[in-house]
Amino acid sequence: MATAAVTPLKNWDRPSVEADILLSEIPMWMYNCMVEYIQYTYMSPMDLQRGMKGNALSDVLNLLLPNHCYFCGVSLSSGVCICTACSTSLEIIEGVVCARCGSPLPPETKPEGNGCSQCVELTFLFGRNVSLGIFEGFLRRLIHLYKFEGRRSLHRFFATSLLTHRRAYIDGADLIVPVPLSPVRYTERGFNQSYLFAKEVARKAHASFIGSALYRRGNAAPQSSVSSQHERVINLTDHFMVRAGITDSIEDRRILLIDDVLTTGVTASACARVLLEAGAHSVDVLTLARSLKAAGTLYLSANRPIMK
Ligand SMILES: [Zn+2]
Ligand SMILES: [Zn+2]
């Protein structure tokens, strides 16, 4: 097995594996305080309050800054950002799905290993993708709120939803790894959206997690001048690296790579490639949403057609 190129950890790729090991040695209350601090350093007071679990400080904040549902405005207790009624708007992919890309398929379809109309022309270097829902409507709005409007406490809602609906898939992995952001994107956004909910999924599932297993050099989007999706994967691979010193943690592991949205699979494939080169047994992907071409007829729960 070829050895992946390695480069020392950069400070945007925090916390490090050493930090994770160190954190596992300290009392849970101290760990929780540190996690809250790291995750909410840049949050607004309203979002800070939403993200906190019930404690004296959150009770005080609740009095000063009443917590409301993001969507309907109903009053909520601290630590919750969407009311139960609004959360039912989240449409989960159920029934028959593509065995490669996770797209919902008509109920009479037999999923085939070589893909559906959404992915048959795409090259994937990971095993398969499973998504929570389609990148449309309510879920698309949630992801936008989370990534671009500062609603970071939504990471808990995403993690809870993934664990509720995709638990067996998560439990099939030995190690959870989030897709990293480029340094430029990290600086712009202030956080890695995949890291936050991947870590929460791993914590609640008691799964192994290495948040900084991968890092990304430069700021290369897939080059539009390169027409072939396969060539874009190869080009983008140069921008992902496996962190130095973690080969033992990756070798022969079934890795679950977590990201927010799967579109062409170029990014996930580039990550999978370097993980496999570093000795991973397999790499599968879990995403919040599957972005689809506006073609064909697709089905969500209750076999309701959602796109024609
Ligand atoms: Zn609501
Ligand atoms: Zn497919």
# chains A, B, ... in the order shown; residues from 1 in each chain; ligands from 1
>>> residues_around(residues="Leu256 (chain A)", least_positions_apart="5", cutoff="8 Å", atoms="only C-alpha atoms", output="PyMOL selection string")
chain A and resi 170+173-177+283-286
>>> residues_around(residues="Ile82 (chain A)", least_positions_apart="4", cutoff="12 Å", atoms="only C-alpha atoms", output="count of residues only")
29
>>> closest_residue(among="A:Arg185, A:Arg203, A:Arg140, A:Lys293", to="ligand 2", atoms="only C-alpha atoms and all ligand atoms")
A:Lys293
>>> select_by_dssp(residues="region 96-308 of chain A", states="strand (DSSP E or B)", output="PDB file with C-alpha atoms, in the first residue's frame")
ATOM      1  CA  VAL A  97     -32.066   4.273  -2.638  1.00  0.00           C
ATOM      2  CA  PRO A 104     -34.018   7.998  -3.639  1.00  0.00           C
ATOM      3  CA  ASN A 129     -22.847   7.642   0.109  1.00  0.00           C
ATOM      4  CA  VAL A 130     -25.843   7.734   2.427  1.00  0.00           C
ATOM      5  CA  SER A 131     -27.672  11.024   2.969  1.00  0.00           C
ATOM      6  CA  LEU A 132     -30.310  12.173   5.402  1.00  0.00           C
ATOM      7  CA  GLY A 133     -32.381  14.015   2.803  1.00  0.00           C
ATOM      8  CA  ILE A 134     -32.401  15.815  -0.528  1.00  0.00           C
ATOM      9  CA  LEU A 175     -13.625   5.609  12.646  1.00  0.00           C
ATOM     10  CA  ILE A 176     -15.396   8.881  11.815  1.00  0.00           C
ATOM     11  CA  VAL A 177     -13.510  11.569   9.889  1.00  0.00           C
ATOM     12  CA  PRO A 178     -14.923  14.915   8.705  1.00  0.00           C
ATOM     13  CA  SER A 208     -13.804   6.806  17.307  1.00  0.00           C
ATOM     14  CA  PHE A 209     -13.274  10.245  15.820  1.00  0.00           C
ATOM     15  CA  LEU A 214      -7.309  15.166   6.826  1.00  0.00           C
ATOM     16  CA  TYR A 215      -6.346  18.661   5.949  1.00  0.00           C
ATOM     17  CA  ARG A 216      -6.619  20.674   2.816  1.00  0.00           C
ATOM     18  CA  PHE A 240      -5.919  16.820   0.493  1.00  0.00           C
ATOM     19  CA  MET A 241      -3.386  15.315   2.845  1.00  0.00           C
ATOM     20  CA  VAL A 242      -3.492  12.758   5.634  1.00  0.00           C
ATOM     21  CA  ARG A 254     -13.589   1.164   7.972  1.00  0.00           C
ATOM     22  CA  ILE A 255     -13.805   4.920   7.761  1.00  0.00           C
ATOM     23  CA  LEU A 256     -16.995   6.960   7.659  1.00  0.00           C
ATOM     24  CA  LEU A 257     -16.268  10.270   5.969  1.00  0.00           C
ATOM     25  CA  ILE A 258     -18.767  12.964   6.942  1.00  0.00           C
ATOM     26  CA  ASP A 259     -19.686  16.065   4.929  1.00  0.00           C
ATOM     27  CA  ASP A 260     -22.674  18.368   4.619  1.00  0.00           C
ATOM     28  CA  VAL A 261     -23.675  17.885   0.950  1.00  0.00           C
ATOM     29  CA  LEU A 262     -22.772  15.343  -1.745  1.00  0.00           C
ATOM     30  CA  SER A 282     -12.668   1.189   3.222  1.00  0.00           C
ATOM     31  CA  VAL A 283     -14.185   4.649   3.052  1.00  0.00           C
ATOM     32  CA  ASP A 284     -17.935   5.284   2.981  1.00  0.00           C
ATOM     33  CA  VAL A 285     -19.607   8.660   3.091  1.00  0.00           C
ATOM     34  CA  LEU A 286     -22.391  10.106   5.225  1.00  0.00           C
ATOM     35  CA  THR A 287     -23.883  13.465   4.277  1.00  0.00           C
ATOM     36  CA  LEU A 288     -26.756  15.610   5.434  1.00  0.00           C
ATOM     37  CA  ALA A 289     -28.026  16.092   1.895  1.00  0.00           C
ATOM     38  CA  ARG A 290     -27.763  14.625  -1.596  1.00  0.00           C
ATOM     39  CA  LEU A 298     -37.310  10.941  -7.511  1.00  0.00           C
ATOM     40  CA  TYR A 299     -38.994   9.719  -4.417  1.00  0.00           C
ATOM     41  CA  PRO A 305     -42.592  12.016  -6.068  1.00  0.00           C
ATOM     42  CA  ILE A 306     -40.649  15.175  -5.291  1.00  0.00           C
ATOM     43  CA  MET A 307     -39.204  16.052  -8.673  1.00  0.00           C
TER      44      MET A 307
END
>>> residues_near_ligand(ligand="ligand 2", cutoff="9 Å", atoms="only C-alpha atoms and all ligand atoms", output="PyMOL selection string")
chain A and resi 97-105+111-120+122+129
>>> write_last_selection(atoms="C-alpha atoms", output="mmCIF file, in the first residue's frame")
data_model
loop_
_atom_site.group_PDB
_atom_site.id
_atom_site.type_symbol
_atom_site.label_atom_id
_atom_site.label_comp_id
_atom_site.auth_asym_id
_atom_site.auth_seq_id
_atom_site.Cartn_x
_atom_site.Cartn_y
_atom_site.Cartn_z
ATOM 1 C CA VAL A 97 -32.066 4.273 -2.638
ATOM 2 C CA CYS A 98 -29.161 4.099 -5.052
ATOM 3 C CA ALA A 99 -26.482 1.807 -3.657
ATOM 4 C CA ARG A 100 -23.760 4.210 -4.809
ATOM 5 C CA CYS A 101 -24.922 7.800 -4.315
ATOM 6 C CA GLY A 102 -27.857 7.492 -1.919
ATOM 7 C CA SER A 103 -30.422 9.096 -4.228
ATOM 8 C CA PRO A 104 -34.018 7.998 -3.639
ATOM 9 C CA LEU A 105 -35.370 5.714 -6.350
ATOM 10 C CA PRO A 111 -30.702 -0.750 -6.590
ATOM 11 C CA GLU A 112 -27.679 -1.632 -8.706
ATOM 12 C CA GLY A 113 -24.027 -1.345 -7.857
ATOM 13 C CA ASN A 114 -23.246 0.628 -10.985
ATOM 14 C CA GLY A 115 -25.509 3.474 -9.977
ATOM 15 C CA CYS A 116 -28.620 5.409 -10.916
ATOM 16 C CA SER A 117 -29.271 8.166 -13.450
ATOM 17 C CA GLN A 118 -27.915 10.659 -10.914
ATOM 18 C CA CYS A 119 -24.504 9.044 -10.535
ATOM 19 C CA VAL A 120 -23.887 6.555 -13.353
ATOM 20 C CA LEU A 122 -19.684 9.909 -11.898
ATOM 21 C CA ASN A 129 -22.847 7.642 0.109
#
>>> atom_distance(atom1="CA of Glu188 (chain A)", atom2="CA of Arg141 (chain A)")
20.0 Å
>>> closest_residue(among="A:Lys204, A:His239, A:Arg189, A:His165", to="Thr267 (chain A)", atoms="only C-alpha atoms")
A:His239
